[in-house]
Amino acid sequence: MKSKNKSVNIFAPLLISCIVLLAAAKPINAQEVDNEREFDYGEKSEKGPRKWGSIKKEWGACNNGSMQSPVDMSNERVQIISRPERRIYRVANATLKNRGHDIQIEWLGGAGSLFINGTEYPLRYAHWHSPSEHTINGRRYDMELHLVHLNTDPNVKNRIAVVGIFYKIGEPDQFLSKLMANISSIIDKKEEESVLGMVDPNEIKFGRRRYYRYMGSLTVPPCTEGVIWTLNKKVQTVSRDQVKLLREAVHDYAEENARPLQHQNNRDIYLYGPGATN
């Protein structure tokens, strides 16, 4: 749609960001499916991952896409490149929401950004999958955190960038520990929100030295492609009780809310980090 005046140009990105992630035409809203009961994670279910692409026309990429996520980070496919990652995060107001298929933090603005090749991707959301969706050399971890970043400029080709962090059972995750009471208050309550107040994304442990990057998709319908994935190679720890709480909080069908691995289709996967050489 062409803008008719300057005020439209100012507010169009805000409108887009409020409609977050619904179809390929509205990629910013693609992770917030209106009715989360329209899909599930059952391997043999009629609404399971193998059927997502046939449930709705706009979800066709789930079955027919060529750049679907998640994938395996295999050493034999990875190209090593020396290039630093740049993130600038800030404390910002946030809420916690039970979306039925996952638990999600939403920052209400000003939480900082991820910078990729000079393009800024403001941080908007964080949610958890258990077990992990991506794997490293075939190993699936106990949990994976996704931080969703969104650039609302229509001139940017790939407007969604997701940072993924792997977790294995061990010491409790300190960031998640601060959210335990809030998560407990919204167990199995779809659309229920808990006000978190000011939340600092810098309290999330990333492991800055090495990370994988590749082009993929959202891992839930409509499986929109063109998502820039950044996956931290360092594996963090989470307690068994923390994983259990996240599983209990969502609806029964989503206690294991990880999409199966997708075909790589000869995509390039890069390993970035200081001191790496080609």
# chains A, B, ... in the order shown; residues from 1 in each chain; ligands from 1
>>> select_by_dssp(residues="stretch 66-268 of chain A", states="strand (DSSP E)", output="MDAnalysis selection string")
chainID A and resid 72:73 78:81 86:89 92:98 103:107 112:116 119:129 135:136 139:140 143:150 160:169 193:199 211:217 225:232 236:238
>>> residues_around(residues="stretch 37-51 of chain A", least_positions_apart="3", cutoff="9 Å", atoms="only C-alpha atoms", output="PDB file with C-alpha atoms, in the first residue's frame")
ATOM      1  CA  VAL A  33      -1.422 -17.763  15.489  1.00  0.00           C
ATOM      2  CA  ASP A  34      -4.937 -16.558  16.330  1.00  0.00           C
ATOM      3  CA  SER A  54      -2.376 -28.458   4.602  1.00  0.00           C
ATOM      4  CA  ILE A  55      -4.436 -26.978   7.450  1.00  0.00           C
ATOM      5  CA  CYS A  62       5.281 -25.495   6.431  1.00  0.00           C
ATOM      6  CA  ASN A  63       5.162 -28.391   3.942  1.00  0.00           C
ATOM      7  CA  GLY A 100      -1.101 -22.249  24.965  1.00  0.00           C
ATOM      8  CA  HIS A 101       1.725 -23.706  22.878  1.00  0.00           C
ATOM      9  CA  VAL A 220       5.391 -22.583  13.992  1.00  0.00           C
ATOM     10  CA  PRO A 221       2.662 -21.864  11.419  1.00  0.00           C
ATOM     11  CA  TYR A 253      -0.482 -31.146  23.646  1.00  0.00           C
ATOM     12  CA  ALA A 254       2.446 -28.685  23.826  1.00  0.00           C
ATOM     13  CA  GLU A 255       4.383 -30.185  26.738  1.00  0.00           C
ATOM     14  CA  GLU A 256       6.953 -31.095  24.104  1.00  0.00           C
ATOM     15  CA  ASN A 257       6.700 -28.147  21.750  1.00  0.00           C
ATOM     16  CA  ALA A 258       9.588 -28.794  19.371  1.00  0.00           C
ATOM     17  CA  ARG A 259       9.081 -29.017  15.618  1.00  0.00           C
ATOM     18  CA  PRO A 260      10.939 -31.935  13.960  1.00  0.00           C
TER      19      PRO A 260
END
>>> closest_atom_pairs(of="stretch 93-119 of chain A", to="stretch 235-251 of chain A", cutoff="12 Å", atoms="only C-alpha atoms", output="JSON lines")
{"residue": "A:Leu96", "atom": "CA", "partner": "A:Ala249", "partner_atom": "CA", "distance": 11.9}
{"residue": "A:Lys97", "atom": "CA", "partner": "A:Val250", "partner_atom": "CA", "distance": 10.4}
{"residue": "A:Asn98", "atom": "CA", "partner": "A:Val250", "partner_atom": "CA", "distance": 6.8}
{"residue": "A:Arg99", "atom": "CA", "partner": "A:Val250", "partner_atom": "CA", "distance": 7.5}
{"residue": "A:Gly100", "atom": "CA", "partner": "A:Val250", "partner_atom": "CA", "distance": 5.0}
{"residue": "A:His101", "atom": "CA", "partner": "A:Val250", "partner_atom": "CA", "distance": 5.8}
{"residue": "A:Asp102", "atom": "CA", "partner": "A:Val250", "partner_atom": "CA", "distance": 5.9}
{"residue": "A:Ile103", "atom": "CA", "partner": "A:Val250", "partner_atom": "CA", "distance": 7.0}
{"residue": "A:Gln104", "atom": "CA", "partner": "A:Leu246", "partner_atom": "CA", "distance": 10.4}
>>> write_last_selection(atoms="N, CA and C atoms", output="mmCIF file, in the first residue's frame")
data_model
loop_
_atom_site.group_PDB
_atom_site.id
_atom_site.type_symbol
_atom_site.label_atom_id
_atom_site.label_comp_id
_atom_site.auth_asym_id
_atom_site.auth_seq_id
_atom_site.Cartn_x
_atom_site.Cartn_y
_atom_site.Cartn_z
ATOM 1 N N LEU A 96 4.424 -11.257 30.599
ATOM 2 C CA LEU A 96 4.568 -12.688 30.352
ATOM 3 C C LEU A 96 3.205 -13.229 29.939
ATOM 4 N N LYS A 97 3.181 -14.013 28.862
ATOM 5 C CA LYS A 97 1.908 -14.495 28.327
ATOM 6 C C LYS A 97 1.961 -15.999 28.087
ATOM 7 N N ASN A 98 0.871 -16.686 28.462
ATOM 8 C CA ASN A 98 0.706 -18.093 28.138
ATOM 9 C C ASN A 98 -0.031 -18.173 26.808
ATOM 10 N N ARG A 99 0.686 -18.592 25.749
ATOM 11 C CA ARG A 99 0.059 -18.675 24.426
ATOM 12 C C ARG A 99 -0.505 -20.067 24.149
ATOM 13 N N GLY A 100 -0.565 -20.907 25.161
ATOM 14 C CA GLY A 100 -1.101 -22.249 24.965
ATOM 15 C C GLY A 100 -0.051 -23.211 24.469
ATOM 16 N N HIS A 101 0.675 -22.833 23.407
ATOM 17 C CA HIS A 101 1.725 -23.706 22.878
ATOM 18 C C HIS A 101 3.103 -23.316 23.374
ATOM 19 N N ASP A 102 3.221 -22.161 24.054
ATOM 20 C CA ASP A 102 4.476 -21.790 24.687
ATOM 21 C C ASP A 102 4.239 -20.648 25.671
ATOM 22 N N ILE A 103 5.276 -20.333 26.452
ATOM 23 C CA ILE A 103 5.254 -19.188 27.356
ATOM 24 C C ILE A 103 6.149 -18.118 26.750
ATOM 25 N N GLN A 104 5.631 -16.892 26.650
ATOM 26 C CA GLN A 104 6.356 -15.851 25.932
ATOM 27 C C GLN A 104 6.449 -14.554 26.721
#
>>> closest_residue(among="A:Arg77, A:Lys57, A:Arg90, A:His129", to="A:Asn202", atoms="only C-alpha atoms")
A:Arg90
>>> closest_residue(among="A:Val227, A:Tyr212, A:Gly164, A:Asn182", to="A:Ser74", atoms="only C-alpha atoms")
A:Tyr212
>>> select_by_dssp(residues="stretch 56-196 of chain A", states="helix (DSSP H, G or I)", output="ChimeraX atom specification")
/A:57-59,61-64,75-77,174-177,180-184
>>> write_last_selection(atoms="N, CA and C atoms", output="short mmCIF file (atom, residue, chain, number, x, y, z; two decimals), in the first residue's frame")
data_model
loop_
_atom_site.label_atom_id
_atom_site.label_comp_id
_atom_site.auth_asym_id
_atom_site.auth_seq_id
_atom_site.Cartn_x
_atom_site.Cartn_y
_atom_site.Cartn_z
N LYS A 57 -4.23 -22.54 3.71
CA LYS A 57 -3.49 -22.20 2.51
C LYS A 57 -2.28 -21.35 2.83
N GLU A 58 -2.46 -20.38 3.76
CA GLU A 58 -1.36 -19.48 4.10
C GLU A 58 -0.27 -20.16 4.93
N TRP A 59 -0.49 -21.40 5.33
CA TRP A 59 0.52 -22.16 6.04
C TRP A 59 1.27 -23.11 5.12
N ALA A 61 3.88 -23.01 3.35
CA ALA A 61 5.33 -23.09 3.45
C ALA A 61 5.77 -24.16 4.45
N CYS A 62 4.92 -24.48 5.43
CA CYS A 62 5.28 -25.50 6.43
C CYS A 62 5.60 -26.84 5.77
N ASN A 63 4.93 -27.13 4.66
CA ASN A 63 5.16 -28.39 3.94
C ASN A 63 5.96 -28.21 2.66
N ASN A 64 5.82 -27.03 2.03
CA ASN A 64 6.40 -26.85 0.70
C ASN A 64 7.61 -25.92 0.67
N ASN A 75 28.98 -30.28 11.87
CA ASN A 75 30.31 -29.73 11.63
C ASN A 75 30.74 -29.84 10.18
N GLU A 76 30.33 -30.90 9.51
CA GLU A 76 30.77 -31.11 8.14
C GLU A 76 30.12 -30.13 7.16
N ARG A 77 29.06 -29.44 7.59
CA ARG A 77 28.39 -28.48 6.72
C ARG A 77 28.77 -27.04 7.03
N GLN A 174 19.48 -18.53 35.88
CA GLN A 174 19.17 -17.42 36.77
C GLN A 174 18.08 -16.52 36.21
N PHE A 175 18.08 -16.30 34.92
CA PHE A 175 17.05 -15.45 34.32
C PHE A 175 15.67 -16.09 34.49
N LEU A 176 15.58 -17.37 34.20
CA LEU A 176 14.31 -18.09 34.33
C LEU A 176 13.88 -18.18 35.79
N SER A 177 14.84 -18.25 36.70
CA SER A 177 14.51 -18.33 38.12
C SER A 177 13.68 -17.13 38.57
N MET A 180 9.83 -17.69 37.71
CA MET A 180 9.13 -18.90 38.12
C MET A 180 7.76 -18.62 38.72
N ALA A 181 7.68 -17.63 39.62
CA ALA A 181 6.40 -17.32 40.26
C ALA A 181 5.40 -16.80 39.23
N ASN A 182 5.85 -15.99 38.29
CA ASN A 182 4.96 -15.45 37.26
C ASN A 182 4.46 -16.56 36.34
N ILE A 183 5.35 -17.50 35.99
CA ILE A 183 4.94 -18.61 35.14
C ILE A 183 3.93 -19.49 35.87
N SER A 184 4.17 -19.74 37.15
CA SER A 184 3.25 -20.56 37.94
C SER A 184 1.85 -19.95 37.99
#
>>> closest_residue(among="A:Val71, A:Val148, A:Met215, A:Val78", to="A:Leu114", atoms="only C-alpha atoms")
A:Val148
>>> atom_distance(atom1="atom CA of A:Asp268", atom2="atom CA of A:Pro201")
28.9 Å
>>> atom_distance(atom1="atom CA of A:Ile160", atom2="atom CA of A:Trp128")
17.3 Å
>>> closest_residue(among="A:Tyr89, A:Tyr121, A:Tyr270, A:Tyr141", to="A:Arg210", atoms="only C-alpha atoms")
A:Tyr270
>>> decode(residues="stretch 258-273 of chain A", atoms="all heavy atoms", output="PDB file, in the first residue's frame")
ATOM      1  N   ALA A 258       8.477 -28.922  20.304  1.00  0.00           N
ATOM      2  CA  ALA A 258       9.588 -28.794  19.371  1.00  0.00           C
ATOM      3  C   ALA A 258       9.196 -29.360  18.011  1.00  0.00           C
ATOM      4  O   ALA A 258       8.776 -30.525  17.912  1.00  0.00           O
ATOM      5  CB  ALA A 258      10.826 -29.519  19.902  1.00  0.00           C
ATOM      6  N   ARG A 259       9.340 -28.557  16.981  1.00  0.00           N
ATOM      7  CA  ARG A 259       9.081 -29.017  15.618  1.00  0.00           C
ATOM      8  C   ARG A 259      10.207 -29.965  15.189  1.00  0.00           C
ATOM      9  O   ARG A 259      11.375 -29.733  15.506  1.00  0.00           O
ATOM     10  CB  ARG A 259       9.029 -27.822  14.660  1.00  0.00           C
ATOM     11  CG  ARG A 259       8.603 -28.184  13.246  1.00  0.00           C
ATOM     12  CD  ARG A 259       8.742 -27.004  12.309  1.00  0.00           C
ATOM     13  NE  ARG A 259       8.118 -27.288  11.026  1.00  0.00           N
ATOM     14  CZ  ARG A 259       8.246 -26.551   9.932  1.00  0.00           C
ATOM     15  NH1 ARG A 259       9.002 -25.452   9.971  1.00  0.00           N
ATOM     16  NH2 ARG A 259       7.639 -26.882   8.811  1.00  0.00           N
ATOM     17  N   PRO A 260       9.892 -31.028  14.443  1.00  0.00           N
ATOM     18  CA  PRO A 260      10.939 -31.935  13.960  1.00  0.00           C
ATOM     19  C   PRO A 260      11.926 -31.220  13.037  1.00  0.00           C
ATOM     20  O   PRO A 260      11.613 -30.171  12.462  1.00  0.00           O
ATOM     21  CB  PRO A 260      10.151 -33.004  13.188  1.00  0.00           C
ATOM     22  CG  PRO A 260       8.762 -32.937  13.754  1.00  0.00           C
ATOM     23  CD  PRO A 260       8.534 -31.504  14.109  1.00  0.00           C
ATOM     24  N   LEU A 261      13.126 -31.799  12.886  1.00  0.00           N
ATOM     25  CA  LEU A 261      14.131 -31.233  11.998  1.00  0.00           C
ATOM     26  C   LEU A 261      13.628 -31.204  10.559  1.00  0.00           C
ATOM     27  O   LEU A 261      12.902 -32.097  10.111  1.00  0.00           O
ATOM     28  CB  LEU A 261      15.422 -32.055  12.066  1.00  0.00           C
ATOM     29  CG  LEU A 261      16.221 -31.971  13.369  1.00  0.00           C
ATOM     30  CD1 LEU A 261      17.402 -32.935  13.310  1.00  0.00           C
ATOM     31  CD2 LEU A 261      16.707 -30.554  13.631  1.00  0.00           C
ATOM     32  N   GLN A 262      14.036 -30.165   9.835  1.00  0.00           N
ATOM     33  CA  GLN A 262      13.667 -29.984   8.444  1.00  0.00           C
ATOM     34  C   GLN A 262      14.885 -30.207   7.546  1.00  0.00           C
ATOM     35  O   GLN A 262      16.025 -30.210   8.004  1.00  0.00           O
ATOM     36  CB  GLN A 262      13.116 -28.569   8.233  1.00  0.00           C
ATOM     37  CG  GLN A 262      11.941 -28.232   9.144  1.00  0.00           C
ATOM     38  CD  GLN A 262      10.728 -29.087   8.906  1.00  0.00           C
ATOM     39  OE1 GLN A 262      10.176 -29.114   7.802  1.00  0.00           O
ATOM     40  NE2 GLN A 262      10.288 -29.810   9.933  1.00  0.00           N
ATOM     41  N   HIS A 263      14.633 -30.387   6.249  1.00  0.00           N
ATOM     42  CA  HIS A 263      15.722 -30.617   5.304  1.00  0.00           C
ATOM     43  C   HIS A 263      16.568 -29.358   5.157  1.00  0.00           C
ATOM     44  O   HIS A 263      16.052 -28.247   5.069  1.00  0.00           O
ATOM     45  CB  HIS A 263      15.162 -31.027   3.943  1.00  0.00           C
ATOM     46  CG  HIS A 263      14.468 -32.358   3.956  1.00  0.00           C
ATOM     47  ND1 HIS A 263      15.135 -33.543   4.198  1.00  0.00           N
ATOM     48  CD2 HIS A 263      13.163 -32.680   3.759  1.00  0.00           C
ATOM     49  CE1 HIS A 263      14.276 -34.547   4.151  1.00  0.00           C
ATOM     50  NE2 HIS A 263      13.070 -34.054   3.892  1.00  0.00           N
ATOM     51  N   GLN A 264      17.873 -29.546   5.099  1.00  0.00           N
ATOM     52  CA  GLN A 264      18.767 -28.408   4.948  1.00  0.00           C
ATOM     53  C   GLN A 264      18.690 -27.821   3.546  1.00  0.00           C
ATOM     54  O   GLN A 264      18.838 -26.606   3.355  1.00  0.00           O
ATOM     55  CB  GLN A 264      20.213 -28.805   5.244  1.00  0.00           C
ATOM     56  CG  GLN A 264      21.158 -27.611   5.245  1.00  0.00           C
ATOM     57  CD  GLN A 264      22.602 -28.008   5.061  1.00  0.00           C
ATOM     58  OE1 GLN A 264      22.914 -29.166   4.808  1.00  0.00           O
ATOM     59  NE2 GLN A 264      23.485 -27.054   5.164  1.00  0.00           N
ATOM     60  N   ASN A 265      18.506 -28.681   2.525  1.00  0.00           N
ATOM     61  CA  ASN A 265      18.396 -28.223   1.129  1.00  0.00           C
ATOM     62  C   ASN A 265      19.603 -27.389   0.707  1.00  0.00           C
ATOM     63  O   ASN A 265      19.468 -26.343   0.053  1.00  0.00           O
ATOM     64  CB  ASN A 265      17.101 -27.432   0.915  1.00  0.00           C
ATOM     65  CG  ASN A 265      15.869 -28.307   1.052  1.00  0.00           C
ATOM     66  OD1 ASN A 265      15.906 -29.498   0.745  1.00  0.00           O
ATOM     67  ND2 ASN A 265      14.772 -27.737   1.526  1.00  0.00           N
ATOM     68  N   ASN A 266      20.786 -27.862   1.075  1.00  0.00           N
ATOM     69  CA  ASN A 266      22.049 -27.240   0.645  1.00  0.00           C
ATOM     70  C   ASN A 266      22.210 -25.788   1.089  1.00  0.00           C
ATOM     71  O   ASN A 266      22.957 -25.022   0.468  1.00  0.00           O
ATOM     72  CB  ASN A 266      22.193 -27.321  -0.875  1.00  0.00           C
ATOM     73  CG  ASN A 266      22.291 -28.753  -1.363  1.00  0.00           C
ATOM     74  OD1 ASN A 266      23.012 -29.567  -0.781  1.00  0.00           O
ATOM     75  ND2 ASN A 266      21.563 -29.065  -2.418  1.00  0.00           N
ATOM     76  N   ARG A 267      21.538 -25.405   2.152  1.00  0.00           N
ATOM     77  CA  ARG A 267      21.738 -24.055   2.668  1.00  0.00           C
ATOM     78  C   ARG A 267      23.105 -23.922   3.334  1.00  0.00           C
ATOM     79  O   ARG A 267      23.605 -24.873   3.918  1.00  0.00           O
ATOM     80  CB  ARG A 267      20.635 -23.719   3.691  1.00  0.00           C
ATOM     81  CG  ARG A 267      19.352 -23.233   3.071  1.00  0.00           C
ATOM     82  CD  ARG A 267      18.287 -23.051   4.134  1.00  0.00           C
ATOM     83  NE  ARG A 267      17.715 -24.315   4.546  1.00  0.00           N
ATOM     84  CZ  ARG A 267      16.844 -24.455   5.554  1.00  0.00           C
ATOM     85  NH1 ARG A 267      16.500 -23.389   6.268  1.00  0.00           N
ATOM     86  NH2 ARG A 267      16.349 -25.631   5.853  1.00  0.00           N
ATOM     87  N   ASP A 268      23.648 -22.718   3.261  1.00  0.00           N
ATOM     88  CA  ASP A 268      24.908 -22.448   3.935  1.00  0.00           C
ATOM     89  C   ASP A 268      24.664 -22.249   5.429  1.00  0.00           C
ATOM     90  O   ASP A 268      23.725 -21.564   5.832  1.00  0.00           O
ATOM     91  CB  ASP A 268      25.562 -21.186   3.375  1.00  0.00           C
ATOM     92  CG  ASP A 268      26.031 -21.368   1.937  1.00  0.00           C
ATOM     93  OD1 ASP A 268      26.460 -22.487   1.599  1.00  0.00           O
ATOM     94  OD2 ASP A 268      25.944 -20.395   1.160  1.00  0.00           O
ATOM     95  N   ILE A 269      25.521 -22.864   6.243  1.00  0.00           N
ATOM     96  CA  ILE A 269      25.497 -22.657   7.686  1.00  0.00           C
ATOM     97  C   ILE A 269      26.879 -22.152   8.084  1.00  0.00           C
ATOM     98  O   ILE A 269      27.897 -22.747   7.723  1.00  0.00           O
ATOM     99  CB  ILE A 269      25.169 -23.958   8.440  1.00  0.00           C
ATOM    100  CG1 ILE A 269      23.781 -24.467   8.043  1.00  0.00           C
ATOM    101  CG2 ILE A 269      25.227 -23.730   9.955  1.00  0.00           C
ATOM    102  CD1 ILE A 269      23.406 -25.804   8.660  1.00  0.00           C
ATOM    103  N   TYR A 270      26.920 -21.040   8.790  1.00  0.00           N
ATOM    104  CA  TYR A 270      28.184 -20.410   9.136  1.00  0.00           C
ATOM    105  C   TYR A 270      28.406 -20.452  10.647  1.00  0.00           C
ATOM    106  O   TYR A 270      27.461 -20.336  11.426  1.00  0.00           O
ATOM    107  CB  TYR A 270      28.197 -18.954   8.675  1.00  0.00           C
ATOM    108  CG  TYR A 270      28.003 -18.796   7.177  1.00  0.00           C
ATOM    109  CD1 TYR A 270      26.739 -18.509   6.649  1.00  0.00           C
ATOM    110  CD2 TYR A 270      29.068 -18.913   6.304  1.00  0.00           C
ATOM    111  CE1 TYR A 270      26.557 -18.383   5.283  1.00  0.00           C
ATOM    112  CE2 TYR A 270      28.899 -18.778   4.927  1.00  0.00           C
ATOM    113  CZ  TYR A 270      27.637 -18.515   4.426  1.00  0.00           C
ATOM    114  OH  TYR A 270      27.456 -18.375   3.076  1.00  0.00           O
ATOM    115  N   LEU A 271      29.661 -20.614  11.021  1.00  0.00           N
ATOM    116  CA  LEU A 271      30.049 -20.514  12.424  1.00  0.00           C
ATOM    117  C   LEU A 271      30.897 -19.264  12.572  1.00  0.00           C
ATOM    118  O   LEU A 271      31.984 -19.157  11.993  1.00  0.00           O
ATOM    119  CB  LEU A 271      30.845 -21.757  12.858  1.00  0.00           C
ATOM    120  CG  LEU A 271      31.371 -21.722  14.306  1.00  0.00           C
ATOM    121  CD1 LEU A 271      30.222 -21.609  15.302  1.00  0.00           C
ATOM    122  CD2 LEU A 271      32.203 -22.974  14.598  1.00  0.00           C
ATOM    123  N   TYR A 272      30.390 -18.309  13.322  1.00  0.00           N
ATOM    124  CA  TYR A 272      31.067 -17.029  13.533  1.00  0.00           C
ATOM    125  C   TYR A 272      31.740 -17.031  14.898  1.00  0.00           C
ATOM    126  O   TYR A 272      31.253 -17.663  15.829  1.00  0.00           O
ATOM    127  CB  TYR A 272      30.061 -15.882  13.499  1.00  0.00           C
ATOM    128  CG  TYR A 272      29.443 -15.625  12.159  1.00  0.00           C
ATOM    129  CD1 TYR A 272      28.391 -16.412  11.700  1.00  0.00           C
ATOM    130  CD2 TYR A 272      29.876 -14.583  11.343  1.00  0.00           C
ATOM    131  CE1 TYR A 272      27.800 -16.186  10.463  1.00  0.00           C
ATOM    132  CE2 TYR A 272      29.283 -14.337  10.119  1.00  0.00           C
ATOM    133  CZ  TYR A 272      28.248 -15.142   9.678  1.00  0.00           C
ATOM    134  OH  TYR A 272      27.666 -14.898   8.465  1.00  0.00           O
ATOM    135  N   GLY A 273      32.825 -16.272  15.003  1.00  0.00           N
ATOM    136  CA  GLY A 273      33.443 -16.139  16.303  1.00  0.00           C
ATOM    137  C   GLY A 273      34.824 -15.526  16.235  1.00  0.00           C
ATOM    138  O   GLY A 273      35.503 -15.625  15.210  1.00  0.00           O
TER     139      GLY A 273
END
